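Inspection log for the structure reproduced underneath, given as structure tokens.
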Amino acid sequence: MEDDAPVIYGLEFQARALTAQTAETDAIRFLVGTQSLKFDNQIHIIDFDDENNIINKNVLLHQAGEIWHIGASPADKAVLTTCYNKTSDSRVVSCAAVWRMPSDWETGSHESPDDSAHNPQTLELLCHLDDNAHSNAACVLWEPMGDGKRVISLADNHALLWDLQESSTQATVSSTATLEGKGQLKFTSGKWSPHHNCSQLATANDTAIRGWDLRTMSQIYSIENAHGQLVRDLDFNPNRQYYLASCGDDCKVKFWDVRNVQEPVKTLEEHSHWVWSVRYNHSHDQLVLTASSDSRLILSNMVSISSEPFGHLVDDEELSEGEDNHQDEKGKEPLKDSVVSTYEEHEDSVYAAEWSSADPWLFASLSYDGRLVINRVPRALKYRILL
């Protein structure tokens, strides 16, 4: 029985790192990383059984430190990256590493669900992603739809492109890009574009967004004051290659056409505090999730700037040739953008929201108090999109 009611899970630890398990397309699975200064940190593997509307969890130890960012390999279900803080010589450094889940983490977990929590297994370190020159990793990005052999780490003012060899036990930097400019420049987040043969990267630093060509590691566009305050997150439209969403501490979510970065194509002002996360649905790009420190998660239907502005697929070329070419669209207005739903199940800052990689209508959100909520796109909207 498919039910629109949310399912809530409490981690008992503070947390801000969430990812869908990208390589898993059958089971609905999310990975959460904890932030604890007192205890060993953990990765919680969250399996959602949508037939019975229940969550099954497994716990793996991540003893290296508190987890700030987590990413899942697109090719190997057992491999993930984390960015974590550790204290060395009484100063805190941010590190990045590639890990493998123990091969038998699933066995026996369902007979006695408490067992994995009492004596959890430990993640196996495959390799570190930091050379001593560039510490302070902000995030690690896997090549979209890739074979799990290439990642980018953003550390301080450097973007490092790594090749993973020997089953990810070795990492070598194949090229680097550097933020040039005055003052202490530092990347805060980034997104590897799934378009253009995966040769482009977008990054955020301070209030700016920059685009990079990974073949030459040179800058291809720059939006200097994309937001009034810090830019927190970016995401590419999966179906429209030039469209990029951003969000930030000015409480706004903006949509950009990177061919013309003078003005955003659209701005959303629904949140009342910092917006930490913006995510396009992987299949239906009019559906956009945003998560904020106002403790809310908002699902918007951004249909006017989607690949289906009239309710059916229109390709980018048609859209950019101007309105006069839409013979069959005459007298037909693009559908109106709207807020579909505001989710209020969190009581703390919502730091992350992610769509499932197995079910396009399902998403998870995570707030700092360790509350994970699984929700579905309202059924009425789902059928309106499908039919």
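Going by the structure tokens order, chains are called A, B, ..., each with residues numbered from 1, while ligands are numbered from 1 in the order shown.
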
Residue contacts of A:Phe30 (9 Å, only C-alpha atoms) excluding same-chain residues fewer than 4 positions away, as JSON, numbers by chain = {"A": [18, 19, 20, 21, 22, 44, 45, 46, 47, 48, 354, 356, 364]}

inquiry  = Need the shell around stretch 263-272 of chain A: protein/DNA/RNA residues with any atom at most 7 Å away, counting only C-alpha atoms. Skip same-chain ones fewer than 3 positions apart. Format as a list in words?
reply    =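 Surrounding residues, per the criterion: Cys251, Lys252, Val253, Lys254, Phe255, Trp256, Asp257, Ser292 and Asp294 of chain A.
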
Pull all heavy atoms from the residues just selected and write them as a PDB file, in the first residue's frame.
ATOM      1  N   CYS A 251      18.768  33.017   1.769  1.00  0.00           N
ATOM      2  CA  CYS A 251      17.446  32.361   1.821  1.00  0.00           C
ATOM      3  C   CYS A 251      16.862  32.101   0.439  1.00  0.00           C
ATOM      4  O   CYS A 251      15.690  31.727   0.318  1.00  0.00           O
ATOM      5  CB  CYS A 251      16.415  33.169   2.632  1.00  0.00           C
ATOM      6  SG  CYS A 251      17.029  33.773   4.196  1.00  0.00           S
ATOM      7  N   LYS A 252      17.651  32.284  -0.613  1.00  0.00           N
ATOM      8  CA  LYS A 252      17.108  32.168  -1.970  1.00  0.00           C
ATOM      9  C   LYS A 252      17.593  30.917  -2.676  1.00  0.00           C
ATOM     10  O   LYS A 252      18.658  30.373  -2.380  1.00  0.00           O
ATOM     11  CB  LYS A 252      17.493  33.394  -2.805  1.00  0.00           C
ATOM     12  CG  LYS A 252      16.809  34.653  -2.307  1.00  0.00           C
ATOM     13  CD  LYS A 252      17.222  35.871  -3.092  1.00  0.00           C
ATOM     14  CE  LYS A 252      16.547  37.099  -2.459  1.00  0.00           C
ATOM     15  NZ  LYS A 252      17.150  38.338  -2.925  1.00  0.00           N
ATOM     16  N   VAL A 253      16.784  30.482  -3.631  1.00  0.00           N
ATOM     17  CA  VAL A 253      17.154  29.418  -4.564  1.00  0.00           C
ATOM     18  C   VAL A 253      17.087  30.056  -5.945  1.00  0.00           C
ATOM     19  O   VAL A 253      16.083  30.694  -6.292  1.00  0.00           O
ATOM     20  CB  VAL A 253      16.162  28.236  -4.478  1.00  0.00           C
ATOM     21  CG1 VAL A 253      16.559  27.147  -5.469  1.00  0.00           C
ATOM     22  CG2 VAL A 253      16.108  27.693  -3.053  1.00  0.00           C
ATOM     23  N   LYS A 254      18.173  29.915  -6.725  1.00  0.00           N
ATOM     24  CA  LYS A 254      18.199  30.567  -8.041  1.00  0.00           C
ATOM     25  C   LYS A 254      18.489  29.542  -9.124  1.00  0.00           C
ATOM     26  O   LYS A 254      19.191  28.552  -8.891  1.00  0.00           O
ATOM     27  CB  LYS A 254      19.264  31.675  -8.074  1.00  0.00           C
ATOM     28  CG  LYS A 254      18.967  32.806  -7.092  1.00  0.00           C
ATOM     29  CD  LYS A 254      19.936  33.959  -7.273  1.00  0.00           C
ATOM     30  CE  LYS A 254      19.623  35.078  -6.282  1.00  0.00           C
ATOM     31  NZ  LYS A 254      20.459  36.279  -6.538  1.00  0.00           N
ATOM     32  N   PHE A 255      17.937  29.800 -10.293  1.00  0.00           N
ATOM     33  CA  PHE A 255      18.125  28.917 -11.446  1.00  0.00           C
ATOM     34  C   PHE A 255      18.814  29.718 -12.535  1.00  0.00           C
ATOM     35  O   PHE A 255      18.383  30.824 -12.871  1.00  0.00           O
ATOM     36  CB  PHE A 255      16.768  28.386 -11.922  1.00  0.00           C
ATOM     37  CG  PHE A 255      16.072  27.556 -10.882  1.00  0.00           C
ATOM     38  CD1 PHE A 255      15.250  28.156  -9.933  1.00  0.00           C
ATOM     39  CD2 PHE A 255      16.266  26.179 -10.829  1.00  0.00           C
ATOM     40  CE1 PHE A 255      14.626  27.390  -8.946  1.00  0.00           C
ATOM     41  CE2 PHE A 255      15.641  25.414  -9.851  1.00  0.00           C
ATOM     42  CZ  PHE A 255      14.822  26.022  -8.909  1.00  0.00           C
ATOM     43  N   TRP A 256      19.888  29.147 -13.073  1.00  0.00           N
ATOM     44  CA  TRP A 256      20.739  29.862 -14.030  1.00  0.00           C
ATOM     45  C   TRP A 256      20.804  29.120 -15.360  1.00  0.00           C
ATOM     46  O   TRP A 256      20.806  27.892 -15.395  1.00  0.00           O
ATOM     47  CB  TRP A 256      22.173  29.972 -13.490  1.00  0.00           C
ATOM     48  CG  TRP A 256      22.268  30.574 -12.129  1.00  0.00           C
ATOM     49  CD1 TRP A 256      22.227  29.919 -10.928  1.00  0.00           C
ATOM     50  CD2 TRP A 256      22.410  31.968 -11.814  1.00  0.00           C
ATOM     51  NE1 TRP A 256      22.337  30.817  -9.892  1.00  0.00           N
ATOM     52  CE2 TRP A 256      22.449  32.077 -10.402  1.00  0.00           C
ATOM     53  CE3 TRP A 256      22.510  33.129 -12.598  1.00  0.00           C
ATOM     54  CZ2 TRP A 256      22.584  33.310  -9.752  1.00  0.00           C
ATOM     55  CZ3 TRP A 256      22.646  34.346 -11.944  1.00  0.00           C
ATOM     56  CH2 TRP A 256      22.682  34.437 -10.542  1.00  0.00           C
ATOM     57  N   ASP A 257      20.891  29.904 -16.440  1.00  0.00           N
ATOM     58  CA  ASP A 257      21.289  29.368 -17.742  1.00  0.00           C
ATOM     59  C   ASP A 257      22.735  29.817 -17.910  1.00  0.00           C
ATOM     60  O   ASP A 257      23.005  31.016 -18.024  1.00  0.00           O
ATOM     61  CB  ASP A 257      20.402  29.955 -18.847  1.00  0.00           C
ATOM     62  CG  ASP A 257      20.778  29.455 -20.234  1.00  0.00           C
ATOM     63  OD1 ASP A 257      21.945  29.030 -20.429  1.00  0.00           O
ATOM     64  OD2 ASP A 257      19.930  29.493 -21.136  1.00  0.00           O
ATOM     65  N   SER A 292      16.466  23.694   4.378  1.00  0.00           N
ATOM     66  CA  SER A 292      16.901  24.956   4.971  1.00  0.00           C
ATOM     67  C   SER A 292      17.012  24.902   6.489  1.00  0.00           C
ATOM     68  O   SER A 292      16.431  24.044   7.147  1.00  0.00           O
ATOM     69  CB  SER A 292      15.906  26.048   4.563  1.00  0.00           C
ATOM     70  OG  SER A 292      15.980  27.185   5.385  1.00  0.00           O
ATOM     71  N   ASP A 294      15.492  26.842   8.248  1.00  0.00           N
ATOM     72  CA  ASP A 294      14.181  27.178   8.811  1.00  0.00           C
ATOM     73  C   ASP A 294      13.431  25.901   9.217  1.00  0.00           C
ATOM     74  O   ASP A 294      12.246  25.942   9.532  1.00  0.00           O
ATOM     75  CB  ASP A 294      13.351  28.023   7.835  1.00  0.00           C
ATOM     76  CG  ASP A 294      13.044  27.307   6.517  1.00  0.00           C
ATOM     77  OD1 ASP A 294      13.261  26.070   6.419  1.00  0.00           O
ATOM     78  OD2 ASP A 294      12.585  27.978   5.570  1.00  0.00           O
TER      79      ASP A 294
END

request  = Give me every strand (DSSP E or B) residue in stretch 196-351 of chain A, going by DSSP on the backbone, as a ChimeraX atom specification.
outcome  = /A:200-205,208-213,218-223,231-236,243-248,253-257,266-268,275-280,287-292,297-301,338-343,350-351

request  = Would you please work out which residue, of A:Asp40, A:Glu143, A:Asp233, A:Asp348, is nearest to A:Leu61 when using only C-alpha atoms?
outcome  = A:Asp40

Skip stretch 64-72 of chain A itself and residues of its chain fewer than 6 positions away, then list as a PDB file with N, CA and C atoms, in the first residue's frame all residues within 10 Å of it, counting only C-alpha atoms.
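The resulting file, part.pdb, is shown below:
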ATOM      1  N   GLN A  14      24.121  13.599  16.181  1.00  0.00           N
ATOM      2  CA  GLN A  14      23.988  14.705  15.244  1.00  0.00           C
ATOM      3  C   GLN A  14      24.542  14.274  13.889  1.00  0.00           C
ATOM      4  N   ALA A  15      23.958  14.844  12.820  1.00  0.00           N
ATOM      5  CA  ALA A  15      24.381  14.419  11.483  1.00  0.00           C
ATOM      6  C   ALA A  15      24.074  15.510  10.468  1.00  0.00           C
ATOM      7  N   ARG A  16      24.919  15.589   9.438  1.00  0.00           N
ATOM      8  CA  ARG A  16      24.622  16.525   8.358  1.00  0.00           C
ATOM      9  C   ARG A  16      24.939  15.948   6.976  1.00  0.00           C
ATOM     10  N   ALA A  17      25.481  14.714   6.928  1.00  0.00           N
ATOM     11  CA  ALA A  17      25.914  14.151   5.641  1.00  0.00           C
ATOM     12  C   ALA A  17      24.953  13.044   5.203  1.00  0.00           C
ATOM     13  N   LEU A  18      24.443  13.180   3.976  1.00  0.00           N
ATOM     14  CA  LEU A  18      23.458  12.230   3.444  1.00  0.00           C
ATOM     15  C   LEU A  18      23.711  12.025   1.964  1.00  0.00           C
ATOM     16  N   THR A  19      23.592  10.780   1.497  1.00  0.00           N
ATOM     17  CA  THR A  19      23.611  10.518   0.056  1.00  0.00           C
ATOM     18  C   THR A  19      22.721   9.316  -0.227  1.00  0.00           C
ATOM     19  N   ALA A  20      22.170   9.288  -1.440  1.00  0.00           N
ATOM     20  CA  ALA A  20      21.529   8.050  -1.878  1.00  0.00           C
ATOM     21  C   ALA A  20      22.651   7.113  -2.295  1.00  0.00           C
ATOM     22  N   GLN A  21      22.419   5.808  -2.201  1.00  0.00           N
ATOM     23  CA  GLN A  21      23.448   4.877  -2.682  1.00  0.00           C
ATOM     24  C   GLN A  21      23.273   4.751  -4.194  1.00  0.00           C
ATOM     25  N   THR A  22      24.052   5.558  -4.925  1.00  0.00           N
ATOM     26  CA  THR A  22      23.836   5.764  -6.353  1.00  0.00           C
ATOM     27  C   THR A  22      23.856   4.479  -7.171  1.00  0.00           C
ATOM     28  N   ALA A  23      24.745   3.552  -6.833  1.00  0.00           N
ATOM     29  CA  ALA A  23      24.892   2.345  -7.657  1.00  0.00           C
ATOM     30  C   ALA A  23      23.785   1.319  -7.384  1.00  0.00           C
ATOM     31  N   GLU A  24      23.013   1.552  -6.334  1.00  0.00           N
ATOM     32  CA  GLU A  24      21.933   0.622  -5.974  1.00  0.00           C
ATOM     33  C   GLU A  24      20.633   1.113  -6.593  1.00  0.00           C
ATOM     34  N   PHE A  30      19.807   4.766   1.509  1.00  0.00           N
ATOM     35  CA  PHE A  30      20.515   6.018   1.760  1.00  0.00           C
ATOM     36  C   PHE A  30      21.639   5.766   2.768  1.00  0.00           C
ATOM     37  N   LEU A  31      22.695   6.573   2.671  1.00  0.00           N
ATOM     38  CA  LEU A  31      23.806   6.499   3.625  1.00  0.00           C
ATOM     39  C   LEU A  31      23.866   7.820   4.395  1.00  0.00           C
ATOM     40  N   VAL A  32      24.000   7.723   5.707  1.00  0.00           N
ATOM     41  CA  VAL A  32      24.072   8.913   6.559  1.00  0.00           C
ATOM     42  C   VAL A  32      25.362   8.841   7.372  1.00  0.00           C
ATOM     43  N   GLY A  33      26.065   9.969   7.484  1.00  0.00           N
ATOM     44  CA  GLY A  33      27.278  10.018   8.305  1.00  0.00           C
ATOM     45  C   GLY A  33      27.055  10.878   9.535  1.00  0.00           C
ATOM     46  N   THR A  34      27.552  10.437  10.689  1.00  0.00           N
ATOM     47  CA  THR A  34      27.290  11.155  11.947  1.00  0.00           C
ATOM     48  C   THR A  34      28.390  12.159  12.287  1.00  0.00           C
ATOM     49  N   GLN A  35      28.046  13.074  13.187  1.00  0.00           N
ATOM     50  CA  GLN A  35      29.003  14.062  13.704  1.00  0.00           C
ATOM     51  C   GLN A  35      28.975  13.979  15.216  1.00  0.00           C
ATOM     52  N   SER A  36      29.924  13.260  15.773  1.00  0.00           N
ATOM     53  CA  SER A  36      29.976  13.140  17.226  1.00  0.00           C
ATOM     54  C   SER A  36      31.406  13.388  17.672  1.00  0.00           C
ATOM     55  N   LEU A  37      31.562  14.210  18.697  1.00  0.00           N
ATOM     56  CA  LEU A  37      32.906  14.452  19.228  1.00  0.00           C
ATOM     57  C   LEU A  37      33.247  13.454  20.326  1.00  0.00           C
ATOM     58  N   LYS A  38      32.208  12.886  20.948  1.00  0.00           N
ATOM     59  CA  LYS A  38      32.453  12.003  22.095  1.00  0.00           C
ATOM     60  C   LYS A  38      32.635  10.541  21.702  1.00  0.00           C
ATOM     61  N   PHE A  39      31.909  10.106  20.664  1.00  0.00           N
ATOM     62  CA  PHE A  39      31.880   8.686  20.330  1.00  0.00           C
ATOM     63  C   PHE A  39      32.480   8.454  18.954  1.00  0.00           C
ATOM     64  N   ASP A  40      32.759   7.186  18.644  1.00  0.00           N
ATOM     65  CA  ASP A  40      33.157   6.854  17.280  1.00  0.00           C
ATOM     66  C   ASP A  40      32.037   7.253  16.330  1.00  0.00           C
ATOM     67  N   ASN A  41      32.422   7.853  15.214  1.00  0.00           N
ATOM     68  CA  ASN A  41      31.394   8.202  14.241  1.00  0.00           C
ATOM     69  C   ASN A  41      30.988   6.981  13.433  1.00  0.00           C
ATOM     70  N   GLN A  42      29.828   7.100  12.810  1.00  0.00           N
ATOM     71  CA  GLN A  42      29.225   5.946  12.152  1.00  0.00           C
ATOM     72  C   GLN A  42      28.648   6.331  10.795  1.00  0.00           C
ATOM     73  N   ILE A  43      28.569   5.318   9.937  1.00  0.00           N
ATOM     74  CA  ILE A  43      27.760   5.416   8.722  1.00  0.00           C
ATOM     75  C   ILE A  43      26.515   4.567   8.979  1.00  0.00           C
ATOM     76  N   ALA A  78      29.574  -0.870  -2.785  1.00  0.00           N
ATOM     77  CA  ALA A  78      30.283  -0.988  -1.513  1.00  0.00           C
ATOM     78  C   ALA A  78      31.251   0.163  -1.256  1.00  0.00           C
ATOM     79  N   VAL A  79      31.435   1.055  -2.248  1.00  0.00           N
ATOM     80  CA  VAL A  79      32.482   2.081  -2.133  1.00  0.00           C
ATOM     81  C   VAL A  79      31.868   3.466  -1.917  1.00  0.00           C
ATOM     82  N   LEU A  80      32.468   4.228  -1.005  1.00  0.00           N
ATOM     83  CA  LEU A  80      31.983   5.577  -0.730  1.00  0.00           C
ATOM     84  C   LEU A  80      33.155   6.479  -0.353  1.00  0.00           C
ATOM     85  N   THR A  81      32.899   7.791  -0.393  1.00  0.00           N
ATOM     86  CA  THR A  81      33.901   8.756   0.070  1.00  0.00           C
ATOM     87  C   THR A  81      33.314   9.531   1.241  1.00  0.00           C
ATOM     88  N   THR A  82      34.192   9.965   2.146  1.00  0.00           N
ATOM     89  CA  THR A  82      33.766  10.900   3.182  1.00  0.00           C
ATOM     90  C   THR A  82      34.780  12.030   3.289  1.00  0.00           C
ATOM     91  N   CYS A  83      34.286  13.200   3.700  1.00  0.00           N
ATOM     92  CA  CYS A  83      35.148  14.269   4.190  1.00  0.00           C
ATOM     93  C   CYS A  83      34.895  14.336   5.684  1.00  0.00           C
ATOM     94  N   TYR A  84      35.958  14.367   6.458  1.00  0.00           N
ATOM     95  CA  TYR A  84      35.797  14.270   7.907  1.00  0.00           C
ATOM     96  C   TYR A  84      36.839  15.147   8.594  1.00  0.00           C
ATOM     97  N   ASN A  85      36.524  15.511   9.826  1.00  0.00           N
ATOM     98  CA  ASN A  85      37.456  16.308  10.632  1.00  0.00           C
ATOM     99  C   ASN A  85      38.235  15.403  11.568  1.00  0.00           C
ATOM    100  N   LYS A  86      39.527  15.639  11.656  1.00  0.00           N
ATOM    101  CA  LYS A  86      40.284  14.951  12.702  1.00  0.00           C
ATOM    102  C   LYS A  86      41.206  15.964  13.356  1.00  0.00           C
ATOM    103  N   THR A  87      41.562  15.702  14.585  1.00  0.00           N
ATOM    104  CA  THR A  87      42.438  16.620  15.307  1.00  0.00           C
ATOM    105  C   THR A  87      43.853  16.050  15.277  1.00  0.00           C
ATOM    106  N   SER A  94      40.573  18.958   7.936  1.00  0.00           N
ATOM    107  CA  SER A  94      39.527  18.241   7.203  1.00  0.00           C
ATOM    108  C   SER A  94      40.193  17.341   6.184  1.00  0.00           C
ATOM    109  N   CYS A  95      39.869  16.064   6.232  1.00  0.00           N
ATOM    110  CA  CYS A  95      40.492  15.088   5.336  1.00  0.00           C
ATOM    111  C   CYS A  95      39.420  14.476   4.439  1.00  0.00           C
ATOM    112  N   ALA A  96      39.884  13.786   3.397  1.00  0.00           N
ATOM    113  CA  ALA A  96      38.961  13.059   2.531  1.00  0.00           C
ATOM    114  C   ALA A  96      39.543  11.679   2.275  1.00  0.00           C
ATOM    115  N   ALA A  97      38.673  10.685   2.165  1.00  0.00           N
ATOM    116  CA  ALA A  97      39.153   9.320   1.942  1.00  0.00           C
ATOM    117  C   ALA A  97      38.097   8.505   1.207  1.00  0.00           C
ATOM    118  N   VAL A  98      38.579   7.409   0.600  1.00  0.00           N
ATOM    119  CA  VAL A  98      37.704   6.447  -0.069  1.00  0.00           C
ATOM    120  C   VAL A  98      37.647   5.194   0.807  1.00  0.00           C
ATOM    121  N   TRP A  99      36.436   4.651   1.000  1.00  0.00           N
ATOM    122  CA  TRP A  99      36.211   3.530   1.914  1.00  0.00           C
ATOM    123  C   TRP A  99      35.454   2.420   1.211  1.00  0.00           C
ATOM    124  N   LEU A 123      34.372   0.302   8.571  1.00  0.00           N
ATOM    125  CA  LEU A 123      34.678   0.580   7.166  1.00  0.00           C
ATOM    126  C   LEU A 123      36.149   0.286   6.901  1.00  0.00           C
ATOM    127  N   LEU A 125      39.460   1.294   4.984  1.00  0.00           N
ATOM    128  CA  LEU A 125      40.057   2.432   4.274  1.00  0.00           C
ATOM    129  C   LEU A 125      40.697   1.937   2.978  1.00  0.00           C
ATOM    130  N   ALA A 137      39.567  19.420   2.935  1.00  0.00           N
ATOM    131  CA  ALA A 137      38.631  19.015   1.896  1.00  0.00           C
ATOM    132  C   ALA A 137      37.216  19.441   2.274  1.00  0.00           C
ATOM    133  N   ALA A 138      36.523  20.100   1.325  1.00  0.00           N
ATOM    134  CA  ALA A 138      35.134  20.500   1.563  1.00  0.00           C
ATOM    135  C   ALA A 138      34.174  19.422   1.067  1.00  0.00           C
ATOM    136  N   CYS A 139      34.481  18.843  -0.094  1.00  0.00           N
ATOM    137  CA  CYS A 139      33.623  17.769  -0.603  1.00  0.00           C
ATOM    138  C   CYS A 139      34.373  16.960  -1.654  1.00  0.00           C
ATOM    139  N   VAL A 140      33.854  15.762  -1.904  1.00  0.00           N
ATOM    140  CA  VAL A 140      34.393  14.889  -2.954  1.00  0.00           C
ATOM    141  C   VAL A 140      33.242  14.566  -3.890  1.00  0.00           C
ATOM    142  N   LEU A 141      33.479  14.721  -5.189  1.00  0.00           N
ATOM    143  CA  LEU A 141      32.439  14.494  -6.199  1.00  0.00           C
ATOM    144  C   LEU A 141      32.836  13.321  -7.086  1.00  0.00           C
ATOM    145  N   TRP A 142      31.946  12.360  -7.240  1.00  0.00           N
ATOM    146  CA  TRP A 142      32.187  11.244  -8.158  1.00  0.00           C
ATOM    147  C   TRP A 142      31.788  11.651  -9.567  1.00  0.00           C
ATOM    148  N   GLY A 148      33.370   4.788 -11.666  1.00  0.00           N
ATOM    149  CA  GLY A 148      33.883   4.805 -10.297  1.00  0.00           C
ATOM    150  C   GLY A 148      35.393   4.947 -10.236  1.00  0.00           C
TER     151      GLY A 148
END

task = Mind giving me the straight-line distance from atom CA of A:Ser295 to atom CA of A:Leu372 in Å, one decimal?
result = 12.3 Å

message = Could you check the closest approach to A:Leu299 for each of A:Ala353, A:Glu347, A:His273, A:Ser189 and tell me which residue wins, using only C-alpha atoms?
response =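 Among the listed residues, the smallest separation from A:Leu299 belongs to A:Ala353.
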
remark   = Computed gap from atom CA of A:Ile374 to atom CA of A:Val340 is 16.3 Å

query = How would you write, as a list in words, the set of residues in stretch 12-248 of chain A that DSSP gives as helix (DSSP H, G or I)?
reply = Asp115, Ser116, Ala117, His118, His196, Asn197 and Cys198 of chain A
